[in-house]
$ cat my_file-v2.cif   # mmCIF, C-alpha atoms
data_target
loop_
_atom_site.group_PDB
_atom_site.id
_atom_site.type_symbol
_atom_site.label_atom_id
_atom_site.label_comp_id
_atom_site.auth_asym_id
_atom_site.auth_seq_id
_atom_site.Cartn_x
_atom_site.Cartn_y
_atom_site.Cartn_z
ATOM 1 C CA MET A 688 34.951 64.223 127.666
ATOM 2 C CA THR A 689 37.134 65.392 124.841
ATOM 3 C CA THR A 690 39.647 64.105 122.322
ATOM 4 C CA ALA A 691 43.000 62.887 123.608
ATOM 5 C CA LEU A 692 46.254 63.635 121.807
ATOM 6 C CA TYR A 693 49.068 61.126 122.336
ATOM 7 C CA THR A 694 52.646 61.938 121.368
ATOM 8 C CA HIS A 695 56.197 61.804 122.700
ATOM 9 C CA SER A 696 59.367 63.796 122.084
ATOM 10 C CA ALA A 697 61.185 60.547 121.268
ATOM 11 C CA CYS A 698 59.239 60.425 118.004
ATOM 12 C CA LEU A 699 61.208 63.489 116.907
ATOM 13 C CA GLU A 700 64.489 61.636 117.507
ATOM 14 C CA HIS A 701 63.872 59.038 114.788
ATOM 15 C CA ASP A 702 66.383 60.425 112.285
ATOM 16 C CA THR A 703 65.977 59.124 108.740
ATOM 17 C CA GLY A 704 68.818 61.122 107.206
ATOM 18 C CA LEU A 705 69.239 64.180 105.037
ATOM 19 C CA GLY A 706 66.519 64.616 102.437
ATOM 20 C CA HIS A 707 64.337 61.703 103.540
ATOM 21 C CA PRO A 708 60.631 62.595 103.180
ATOM 22 C CA GLU A 709 59.619 60.855 106.431
ATOM 23 C CA CYS A 710 61.461 63.302 108.680
ATOM 24 C CA ALA A 711 61.012 64.812 112.119
ATOM 25 C CA ASP A 712 59.769 68.070 110.599
ATOM 26 C CA ARG A 713 56.558 66.246 109.658
ATOM 27 C CA LEU A 714 55.669 65.713 113.297
ATOM 28 C CA SER A 715 56.909 69.162 114.297
ATOM 29 C CA VAL A 716 54.495 70.922 111.939
ATOM 30 C CA VAL A 717 51.615 68.728 113.098
ATOM 31 C CA LEU A 718 52.282 69.478 116.761
ATOM 32 C CA HIS A 719 52.643 73.183 115.992
ATOM 33 C CA ALA A 720 49.264 73.200 114.235
ATOM 34 C CA LEU A 721 47.644 71.365 117.141
ATOM 35 C CA GLY A 722 49.087 73.945 119.520
ATOM 36 C CA ALA A 723 46.712 76.608 118.229
ATOM 37 C CA ASP A 724 44.169 78.120 120.603
ATOM 38 C CA GLU A 725 41.289 76.214 119.014
ATOM 39 C CA PHE A 726 42.860 72.982 120.260
ATOM 40 C CA ALA A 727 43.224 74.129 123.864
ATOM 41 C CA LEU A 728 40.701 71.501 124.999
ATOM 42 C CA LEU A 729 42.698 68.585 123.616
ATOM 43 C CA ASP A 730 43.660 66.232 126.429
ATOM 44 C CA ARG A 731 47.421 65.999 125.814
ATOM 45 C CA ARG A 732 48.963 62.743 126.982
ATOM 46 C CA ILE A 733 52.465 61.273 126.891
ATOM 47 C CA ALA A 734 52.702 58.111 124.823
ATOM 48 C CA PRO A 735 54.083 55.230 126.905
ATOM 49 C CA ARG A 736 56.416 52.566 125.613
ATOM 50 C CA ALA A 737 54.728 49.550 124.109
ATOM 51 C CA GLU A 738 55.554 46.241 125.723
ATOM 52 C CA ILE A 739 57.219 43.654 123.522
ATOM 53 C CA ASP A 740 54.293 41.307 124.175
ATOM 54 C CA GLN A 741 51.942 43.926 122.710
ATOM 55 C CA ILE A 742 54.050 44.261 119.560
ATOM 56 C CA ALA A 743 54.336 40.458 119.317
ATOM 57 C CA ARG A 744 50.581 40.152 118.794
ATOM 58 C CA VAL A 745 51.283 41.476 115.289
ATOM 59 C CA HIS A 746 54.977 40.865 114.570
ATOM 60 C CA GLN A 747 57.095 37.746 114.895
ATOM 61 C CA ARG A 748 59.446 37.889 117.876
ATOM 62 C CA ASP A 749 62.507 37.154 115.782
ATOM 63 C CA TYR A 750 61.615 40.109 113.563
ATOM 64 C CA ILE A 751 61.176 42.388 116.589
ATOM 65 C CA ALA A 752 64.596 41.318 117.844
ATOM 66 C CA ARG A 753 66.149 41.998 114.422
ATOM 67 C CA VAL A 754 64.719 45.512 114.354
ATOM 68 C CA PHE A 755 66.178 46.409 117.729
ATOM 69 C CA ALA A 756 69.473 44.727 116.902
ATOM 70 C CA SER A 757 69.726 46.900 113.787
ATOM 71 C CA ILE A 758 69.496 50.198 115.700
ATOM 72 C CA PRO A 759 72.942 51.838 115.464
ATOM 73 C CA LYS A 760 74.661 53.797 118.199
ATOM 74 C CA HIS A 761 75.679 56.373 115.592
ATOM 75 C CA GLY A 762 74.731 57.154 112.022
ATOM 76 C CA HIS A 763 72.084 55.365 109.987
ATOM 77 C CA VAL A 764 71.189 51.832 108.936
ATOM 78 C CA ALA A 765 68.892 50.990 106.007
ATOM 79 C CA LEU A 766 66.421 48.172 106.665
ATOM 80 C CA ASP A 767 65.310 48.456 103.047
ATOM 81 C CA GLY A 768 65.671 51.059 100.322
ATOM 82 C CA ASP A 769 63.209 53.398 102.027
ATOM 83 C CA THR A 770 63.274 52.500 105.713
ATOM 84 C CA ILE A 771 66.121 54.065 107.668
ATOM 85 C CA VAL A 772 66.892 53.807 111.391
ATOM 86 C CA SER A 773 69.144 55.800 113.685
ATOM 87 C CA ALA A 774 70.052 55.757 117.368
ATOM 88 C CA GLY A 775 66.679 57.199 118.357
ATOM 89 C CA SER A 776 64.531 54.944 116.202
ATOM 90 C CA GLY A 777 63.971 52.121 118.680
ATOM 91 C CA GLU A 778 62.584 54.388 121.380
ATOM 92 C CA ALA A 779 60.453 56.238 118.832
ATOM 93 C CA ALA A 780 58.993 52.966 117.542
ATOM 94 C CA LEU A 781 58.144 51.821 121.075
ATOM 95 C CA ARG A 782 56.417 55.123 121.849
ATOM 96 C CA ALA A 783 54.510 55.105 118.551
ATOM 97 C CA ALA A 784 53.110 51.616 119.163
ATOM 98 C CA GLY A 785 52.549 52.397 122.836
ATOM 99 C CA ALA A 786 50.487 55.454 121.941
ATOM 100 C CA LEU A 787 47.959 53.259 120.149
ATOM 101 C CA CYS A 788 47.648 50.821 123.034
ATOM 102 C CA ALA A 789 47.233 53.634 125.569
ATOM 103 C CA ALA A 790 44.665 55.357 123.368
ATOM 104 C CA VAL A 791 42.662 52.139 123.082
ATOM 105 C CA ASP A 792 42.745 51.707 126.867
ATOM 106 C CA ASP A 793 41.587 55.252 127.555
ATOM 107 C CA VAL A 794 38.839 55.246 124.926
ATOM 108 C CA MET A 795 37.576 51.877 126.136
ATOM 109 C CA SER A 796 37.522 53.046 129.759
ATOM 110 C CA GLY A 797 35.462 56.088 128.811
ATOM 111 C CA ASP A 798 38.164 58.390 130.117
ATOM 112 C CA VAL A 799 38.232 60.153 126.733
ATOM 113 C CA CYS A 800 35.787 60.291 123.848
ATOM 114 C CA ASN A 801 38.242 59.462 121.071
ATOM 115 C CA ALA A 802 41.944 59.855 120.362
ATOM 116 C CA PHE A 803 44.553 60.932 117.846
ATOM 117 C CA CYS A 804 48.137 59.634 117.996
ATOM 118 C CA ALA A 805 50.653 62.116 116.576
ATOM 119 C CA VAL A 806 53.578 59.715 116.289
ATOM 120 C CA ARG A 807 56.272 58.454 113.971
ATOM 121 C CA PRO A 808 57.593 56.252 112.483
ATOM 122 C CA PRO A 809 54.353 55.430 110.685
ATOM 123 C CA GLY A 810 53.184 51.844 110.555
ATOM 124 C CA HIS A 811 50.746 50.576 107.957
ATOM 125 C CA HIS A 812 53.328 49.073 105.569
ATOM 126 C CA ALA A 813 55.087 47.020 108.246
ATOM 127 C CA GLU A 814 54.317 43.315 107.829
ATOM 128 C CA SER A 815 54.691 40.600 110.433
ATOM 129 C CA ARG A 816 58.308 39.915 109.436
ATOM 130 C CA GLU A 817 59.293 42.892 107.314
ATOM 131 C CA ALA A 818 59.965 46.612 107.695
ATOM 132 C CA MET A 819 59.105 48.625 104.608
ATOM 133 C CA GLY A 820 57.782 51.929 103.371
ATOM 134 C CA PHE A 821 59.236 53.975 106.269
ATOM 135 C CA CYS A 822 57.504 51.665 108.782
ATOM 136 C CA LEU A 823 59.044 49.511 111.537
ATOM 137 C CA PHE A 824 56.038 48.261 113.520
ATOM 138 C CA ASN A 825 52.414 48.389 112.447
ATOM 139 C CA ASN A 826 51.073 50.797 115.053
ATOM 140 C CA VAL A 827 47.399 50.658 114.107
ATOM 141 C CA ALA A 828 47.421 46.852 113.920
ATOM 142 C CA ILE A 829 49.104 46.683 117.338
ATOM 143 C CA GLY A 830 46.340 48.910 118.687
ATOM 144 C CA ALA A 831 43.639 46.731 117.125
ATOM 145 C CA ALA A 832 45.235 43.579 118.514
ATOM 146 C CA HIS A 833 45.384 45.221 121.939
ATOM 147 C CA ALA A 834 41.689 46.117 121.741
ATOM 148 C CA ARG A 835 40.877 42.453 121.159
ATOM 149 C CA ALA A 836 43.295 40.963 123.698
ATOM 150 C CA ALA A 837 42.950 43.444 126.545
ATOM 151 C CA HIS A 838 39.310 44.482 126.144
ATOM 152 C CA GLY A 839 37.652 41.488 124.547
ATOM 153 C CA LEU A 840 36.418 43.275 121.438
ATOM 154 C CA THR A 841 35.272 40.901 118.714
ATOM 155 C CA ARG A 842 34.818 43.380 115.818
ATOM 156 C CA VAL A 843 37.525 45.987 115.236
ATOM 157 C CA ALA A 844 37.587 48.012 112.007
ATOM 158 C CA ILE A 845 40.549 49.843 110.488
ATOM 159 C CA ILE A 846 39.893 52.526 107.865
ATOM 160 C CA ASP A 847 42.920 53.695 105.878
ATOM 161 C CA PHE A 848 42.749 56.779 103.642
ATOM 162 C CA ASP A 849 46.506 57.136 103.134
ATOM 163 C CA VAL A 850 47.405 57.448 99.446
ATOM 164 C CA HIS A 851 49.418 54.212 99.715
ATOM 165 C CA HIS A 852 47.779 50.868 100.388
ATOM 166 C CA GLY A 853 48.420 49.530 103.894
ATOM 167 C CA ASN A 854 49.752 46.132 102.890
ATOM 168 C CA GLY A 855 50.903 45.325 106.421
ATOM 169 C CA THR A 856 47.532 46.120 107.922
ATOM 170 C CA GLN A 857 45.767 44.026 105.308
ATOM 171 C CA GLU A 858 48.111 41.112 106.073
ATOM 172 C CA PHE A 859 47.158 41.416 109.743
ATOM 173 C CA CYS A 860 43.408 41.540 109.081
ATOM 174 C CA GLU A 861 42.699 39.316 106.101
ATOM 175 C CA HIS A 862 42.614 35.960 107.919
ATOM 176 C CA GLU A 863 40.614 37.109 110.975
ATOM 177 C CA ALA A 864 36.811 37.279 110.920
ATOM 178 C CA GLY A 865 36.784 39.782 113.789
ATOM 179 C CA LEU A 866 38.864 42.330 111.895
ATOM 180 C CA PHE A 867 37.812 44.606 109.030
ATOM 181 C CA TYR A 868 40.147 46.632 106.817
ATOM 182 C CA ALA A 869 39.141 49.169 104.180
ATOM 183 C CA SER A 870 41.499 51.283 102.105
ATOM 184 C CA THR A 871 41.234 53.988 99.488
ATOM 185 C CA HIS A 872 44.573 54.465 97.718
ATOM 186 C CA GLN A 873 46.164 55.456 94.450
ATOM 187 C CA TRP A 874 46.570 52.596 91.977
ATOM 188 C CA PRO A 875 48.948 51.649 90.476
ATOM 189 C CA HIS A 876 51.349 52.933 93.105
ATOM 190 C CA TYR A 877 53.611 51.779 95.927
ATOM 191 C CA PRO A 878 53.520 49.119 97.393
ATOM 192 C CA GLY A 879 51.638 47.421 94.551
ATOM 193 C CA THR A 880 49.013 45.729 96.720
ATOM 194 C CA GLY A 881 45.387 46.674 97.277
ATOM 195 C CA HIS A 882 43.606 45.312 94.215
ATOM 196 C CA PHE A 883 39.827 45.433 94.544
ATOM 197 C CA ARG A 884 39.720 41.630 94.185
ATOM 198 C CA GLU A 885 41.657 41.222 97.452
ATOM 199 C CA ARG A 886 38.724 40.512 99.760
ATOM 200 C CA GLY A 887 40.109 38.552 102.725
ATOM 201 C CA ASP A 888 39.132 35.131 103.979
ATOM 202 C CA PHE A 889 35.864 36.424 105.438
ATOM 203 C CA ASN A 890 35.014 39.121 102.883
ATOM 204 C CA ASN A 891 36.453 41.503 105.464
ATOM 205 C CA ILE A 892 38.789 43.490 103.191
ATOM 206 C CA VAL A 893 37.542 46.383 101.051
ATOM 207 C CA ASN A 894 40.043 47.948 98.661
ATOM 208 C CA VAL A 895 38.976 50.837 96.455
ATOM 209 C CA PRO A 896 41.857 51.812 94.145
ATOM 210 C CA LEU A 897 41.801 55.341 92.739
ATOM 211 C CA LYS A 898 43.508 56.381 89.521
ATOM 212 C CA ALA A 899 46.160 59.088 89.533
ATOM 213 C CA MET A 900 44.594 62.554 89.301
ATOM 214 C CA ALA A 901 41.434 61.398 91.090
ATOM 215 C CA GLY A 902 40.010 63.987 93.460
ATOM 216 C CA SER A 903 37.078 64.692 95.736
ATOM 217 C CA PRO A 904 34.303 63.149 93.609
ATOM 218 C CA GLU A 905 36.100 59.824 93.164
ATOM 219 C CA PHE A 906 37.270 59.677 96.785
ATOM 220 C CA ARG A 907 33.832 60.410 98.221
ATOM 221 C CA HIS A 908 32.118 58.012 95.821
ATOM 222 C CA ALA A 909 34.506 55.218 96.805
ATOM 223 C CA LEU A 910 33.781 55.687 100.483
ATOM 224 C CA THR A 911 30.038 56.228 100.115
ATOM 225 C CA GLN A 912 29.420 53.323 97.750
ATOM 226 C CA SER A 913 31.914 50.746 99.025
ATOM 227 C CA VAL A 914 33.583 51.475 102.366
ATOM 228 C CA PHE A 915 30.806 52.918 104.506
ATOM 229 C CA PRO A 916 28.170 50.287 103.609
ATOM 230 C CA ALA A 917 30.624 47.462 104.359
ATOM 231 C CA LEU A 918 31.648 49.123 107.629
ATOM 232 C CA HIS A 919 27.992 49.523 108.612
ATOM 233 C CA GLU A 920 27.362 45.838 107.900
ATOM 234 C CA PHE A 921 30.415 44.851 109.969
ATOM 235 C CA ARG A 922 29.000 46.703 113.025
ATOM 236 C CA PRO A 923 32.366 47.613 114.593
ATOM 237 C CA GLU A 924 32.909 47.848 118.325
ATOM 238 C CA MET A 925 35.780 50.251 117.663
ATOM 239 C CA ILE A 926 36.918 52.160 114.591
ATOM 240 C CA MET A 927 40.608 52.788 114.086
ATOM 241 C CA ILE A 928 41.924 55.158 111.427
ATOM 242 C CA SER A 929 45.185 55.120 109.513
ATOM 243 C CA ALA A 930 45.146 58.841 108.857
ATOM 244 C CA GLY A 931 47.504 59.476 105.976
ATOM 245 C CA PHE A 932 47.294 62.889 104.337
ATOM 246 C CA ASP A 933 49.513 62.214 101.321
ATOM 247 C CA GLY A 934 46.505 62.102 99.017
ATOM 248 C CA HIS A 935 46.496 65.905 99.269
ATOM 249 C CA SER A 936 46.842 67.717 95.956
ATOM 250 C CA ARG A 937 50.102 69.336 97.082
ATOM 251 C CA ASP A 938 51.797 66.168 98.312
ATOM 252 C CA PRO A 939 54.987 65.368 96.372
ATOM 253 C CA LEU A 940 54.905 61.561 96.701
ATOM 254 C CA ALA A 941 51.642 60.784 94.916
ATOM 255 C CA GLY A 942 49.095 62.025 92.416
ATOM 256 C CA LEU A 943 45.650 62.357 94.008
ATOM 257 C CA HIS A 944 43.913 65.704 94.376
ATOM 258 C CA LEU A 945 42.265 65.680 97.778
ATOM 259 C CA THR A 946 41.808 68.753 99.969
ATOM 260 C CA GLU A 947 41.323 69.561 103.625
ATOM 261 C CA ASP A 948 37.563 69.503 102.988
ATOM 262 C CA ASP A 949 37.793 65.852 101.966
ATOM 263 C CA TYR A 950 39.569 64.941 105.199
ATOM 264 C CA ALA A 951 36.960 66.862 107.194
ATOM 265 C CA TRP A 952 34.173 65.050 105.353
ATOM 266 C CA VAL A 953 35.559 61.521 105.828
ATOM 267 C CA THR A 954 36.258 62.183 109.507
ATOM 268 C CA ARG A 955 32.698 63.439 110.084
ATOM 269 C CA LYS A 956 31.289 60.369 108.358
ATOM 270 C CA LEU A 957 33.423 58.022 110.451
ATOM 271 C CA CYS A 958 32.423 59.856 113.639
ATOM 272 C CA SER A 959 28.778 59.392 112.671
ATOM 273 C CA LEU A 960 29.267 55.666 112.079
ATOM 274 C CA ALA A 961 31.161 55.333 115.350
ATOM 275 C CA TYR A 962 28.298 57.060 117.184
ATOM 276 C CA LYS A 963 25.819 54.647 115.619
ATOM 277 C CA HIS A 964 27.753 51.434 116.213
ATOM 278 C CA CYS A 965 30.348 51.767 118.973
ATOM 279 C CA GLN A 966 29.664 54.589 121.402
ATOM 280 C CA SER A 967 31.841 56.960 119.333
ATOM 281 C CA ARG A 968 34.980 54.896 119.963
ATOM 282 C CA ILE A 969 37.623 56.047 117.482
ATOM 283 C CA VAL A 970 41.404 55.820 117.710
ATOM 284 C CA SER A 971 43.254 57.517 114.858
ATOM 285 C CA THR A 972 46.969 57.599 114.099
ATOM 286 C CA LEU A 973 49.187 59.575 111.767
ATOM 287 C CA GLU A 974 50.502 57.742 108.724
ATOM 288 C CA GLY A 975 51.748 59.609 105.612
ATOM 289 C CA GLY A 976 51.762 63.218 104.457
ATOM 290 C CA TYR A 977 54.884 64.888 103.103
ATOM 291 C CA HIS A 978 54.037 68.485 102.199
ATOM 292 C CA PRO A 979 54.527 70.446 105.444
ATOM 293 C CA SER A 980 51.678 72.944 105.268
ATOM 294 C CA ALA A 981 49.269 70.526 103.585
ATOM 295 C CA LEU A 982 50.018 67.946 106.268
ATOM 296 C CA ALA A 983 49.641 70.424 109.130
ATOM 297 C CA ASN A 984 46.378 71.855 107.810
ATOM 298 C CA SER A 985 44.899 68.451 106.957
ATOM 299 C CA CYS A 986 45.828 66.989 110.331
ATOM 300 C CA ALA A 987 44.332 69.984 112.127
ATOM 301 C CA THR A 988 41.148 69.537 110.095
ATOM 302 C CA HIS A 989 40.993 65.857 111.039
ATOM 303 C CA VAL A 990 41.466 66.506 114.753
ATOM 304 C CA ARG A 991 38.972 69.393 114.677
ATOM 305 C CA GLU A 992 36.332 67.003 113.364
ATOM 306 C CA LEU A 993 37.248 64.340 115.944
ATOM 307 C CA MET A 994 36.752 66.936 118.681
ATOM 308 C CA ALA A 995 33.399 68.211 117.426
ATOM 309 C CA PRO A 996 31.123 65.372 118.657
ATOM 310 C CA CYS A 997 33.037 65.122 121.935
ATOM 311 C CA LEU A 998 32.385 68.776 122.758
ATOM 312 C CA ALA A 999 28.769 68.869 121.528
#

$ encode --input "my_file-v2.cif" --output "structure tokens"
Amino acid sequence: MTTALYTHSACLEHDTGLGHPECADRLSVVLHALGADEFALLDRRIAPRAEIDQIARVHQRDYIARVFASIPKHGHVALDGDTIVSAGSGEAALRAAGALCAAVDDVMSGDVCNAFCAVRPPGHHAESREAMGFCLFNNVAIGAAHARAAHGLTRVAIIDFDVHHGNGTQEFCEHEAGLFYASTHQWPHYPGTGHFRERGDFNNIVNVPLKAMAGSPEFRHALTQSVFPALHEFRPEMIMISAGFDGHSRDPLAGLHLTEDDYAWVTRKLCSLAYKHCQSRIVSTLEGGYHPSALANSCATHVRELMAPCLA
């Protein structure tokens, strides 16, 4: 078995307008990097459309209808100050959410070892009734909900190392004992959530805010001292990753100083925990990252580490 890569050309057709940081070029550079010879053994799969019922496990149906009703035939529509849709956005959003559900199915069946979803729009800011932060539907939450509904999993963990707190994912997890959410993120910073005192109804939320200018030592300490022990205690049956690479030192939208080595390290640690607790079941999805070469290199590093235990 090897790592599966899920993507779809429709994700390139989500046009956010001139100068918007969450642009199609982000996905293009990621796919180019993953086209290198070293990734020849990736199992490349076409992301299917998500079904509305799958999305509705996370989002209210009236909200889903409003999103699709807002998609213009031409030009752009702003759902908020940051979140822009175009004619191709609805199909892209369906494929992005569908990638997570398909990845969960294939990892659970044992058809692949683990999976990475190279999709956009990203998802972790999307709340049950609100688009925000470039996100329409919460892809990773939809995948976690699918793992529970379709495969009967009772303990699903989501680890988020994007530089921005995943407020939508926390909203999805915080009232459910069978869900675990942990986030490292810059604080104070957009979206303003993710205080360390936010613990969830079942002590199932772990937020570790990092000050601007924090780098490898602070990031690794946060994970080693707070996130990994709590994840170990939770004993996940699947680990899902919101893989945002905008904590990189070259990223223009934030102020952390992480490197490719940090993303390699956290991925190795999560692979080790997945091996110990859940038969190496990991499904990861692209979130942020807005410096083209830093994003491409970091994403390649992440996928390289996902592949390593599968090919051993």

$ residues_around --input "my_file-v2.cif" --residues "Pro923 (chain A)" --least-positions-apart "6" --cutoff "6 Å" --atoms "all atoms listed in the file" --output "PyMOL selection string"
chain A and resi 842-844

$ write_last_selection --input "my_file-v2.cif" --atoms "C-alpha atoms" --output "mmCIF file, in the coordinates of the input"
data_model
loop_
_atom_site.group_PDB
_atom_site.id
_atom_site.type_symbol
_atom_site.label_atom_id
_atom_site.label_comp_id
_atom_site.auth_asym_id
_atom_site.auth_seq_id
_atom_site.Cartn_x
_atom_site.Cartn_y
_atom_site.Cartn_z
ATOM 1 C CA ARG A 842 34.818 43.380 115.818
ATOM 2 C CA VAL A 843 37.525 45.987 115.236
ATOM 3 C CA ALA A 844 37.587 48.012 112.007
#

$ resolve_selection --input "my_file-v2.cif" --expression "the PyMOL selection byres ((chain A and resi 717-719) around 10)" --output "list of chain:residue names"
A:Leu692, A:Thr694, A:Asp712, A:Arg713, A:Leu714, A:Ser715, A:Val716, A:Ala720, A:Leu721, A:Gly722, A:Ala723, A:Ala805, A:Val806, A:Leu973, A:Pro979, A:Ser980, A:Ala981, A:Leu982, A:Ala983, A:Asn984, A:Ser985, A:Cys986, A:Ala987

$ resolve_selection --input "my_file-v2.cif" --expression "the PyMOL selection byres ((chain A and resi 834) around 12)" --output "NGL selection string"
:A and (741 or 744 or 787-796 or 827-833 or 835-845 or 865-866 or 923-927 or 968-970)

$ resolve_selection --input "my_file-v2.cif" --expression "the PyMOL selection byres ((chain A and resi 697-705) around 9)" --output "NGL selection string"
:A and (694-696 or 706-712 or 714-715 or 762-764 or 770-780 or 782-783 or 805-808 or 821)

$ residues_around --input "my_file-v2.cif" --residues "Ser936 (chain A)" --least-positions-apart "2" --cutoff "9 Å" --atoms "all atoms listed in the file" --output "PyMOL selection string"
chain A and resi 900+902+933-934+938-939+941-946+981

$ closest_residue --input "my_file-v2.cif" --among "A:Ala786, A:Pro759, A:Asp749, A:His862" --to "Ser815 (chain A)" --atoms "all atoms listed in the file"
A:Asp749

$ closest_residue --input "my_file-v2.cif" --among "A:Ala743, A:Ala765, A:Leu940, A:Leu918" --to "Gln873 (chain A)" --atoms "only C-alpha atoms"
A:Leu940

$ closest_residue --input "my_file-v2.cif" --among "A:Trp952, A:Pro875, A:Ala727, A:Leu766" --to "Phe906 (chain A)" --atoms "all atoms listed in the file"
A:Trp952

$ atom_distance --input "my_file-v2.cif" --atom1 "CA of Arg732 (chain A)" --atom2 "CA of Asn801 (chain A)"
12.7 Å

$ residues_around --input "my_file-v2.cif" --residues "Gly855 (chain A)" --least-positions-apart "3" --cutoff "7 Å" --atoms "only C-alpha atoms" --output "ChimeraX atom specification"
/A:811-814,825,858-859

$ residues_around --input "my_file-v2.cif" --residues "Glu817 (chain A)" --least-positions-apart "4" --cutoff "10 Å" --atoms "all atoms listed in the file" --output "count of residues only"
14

$ residues_around --input "my_file-v2.cif" --residues "Ala995 (chain A)" --least-positions-apart "3" --cutoff "9 Å" --atoms "all atoms listed in the file" --output "PyMOL selection string"
chain A and resi 689-690+955+990-992+998-999

$ write_last_selection --input "my_file-v2.cif" --atoms "C-alpha atoms" --output "PDB file, keeping the file's coordinate frame"
ATOM      1  CA  THR A 689      37.134  65.392 124.841  1.00  0.00           C
ATOM      2  CA  THR A 690      39.647  64.105 122.322  1.00  0.00           C
ATOM      3  CA  ARG A 955      32.698  63.439 110.084  1.00  0.00           C
ATOM      4  CA  VAL A 990      41.466  66.506 114.753  1.00  0.00           C
ATOM      5  CA  ARG A 991      38.972  69.393 114.677  1.00  0.00           C
ATOM      6  CA  GLU A 992      36.332  67.003 113.364  1.00  0.00           C
ATOM      7  CA  LEU A 998      32.385  68.776 122.758  1.00  0.00           C
ATOM      8  CA  ALA A 999      28.769  68.869 121.528  1.00  0.00           C
TER       9      ALA A 999
END

$ closest_residue --input "my_file-v2.cif" --among "A:Pro896, A:Pro809, A:Gly975, A:Gly785" --to "Ile742 (chain A)" --atoms "all atoms listed in the file"
A:Gly785

$ closest_residue --input "my_file-v2.cif" --among "A:Phe932, A:Phe726, A:Tyr977, A:Tyr950" --to "Met994 (chain A)" --atoms "all atoms listed in the file"
A:Phe726

$ closest_residue --input "my_file-v2.cif" --among "A:Asp948, A:Glu885, A:Asp847, A:Glu863" --to "Ala930 (chain A)" --atoms "all atoms listed in the file"
A:Asp847

$ atom_distance --input "my_file-v2.cif" --atom1 "CA of Glu861 (chain A)" --atom2 "CA of Gly887 (chain A)"
4.3 Å

$ axis_aligned_box --input "my_file-v2.cif" --around "region 869-880 of chain A" --padding-each-side "3 Å" --output "JSON"
{"center_x": 46.4, "center_y": 50.6, "center_z": 97.3, "size_x": 20.5, "size_y": 15.7, "size_z": 19.7}

$ atom_distance --input "my_file-v2.cif" --atom1 "CA of His919 (chain A)" --atom2 "CA of Arg907 (chain A)"
16.1 Å
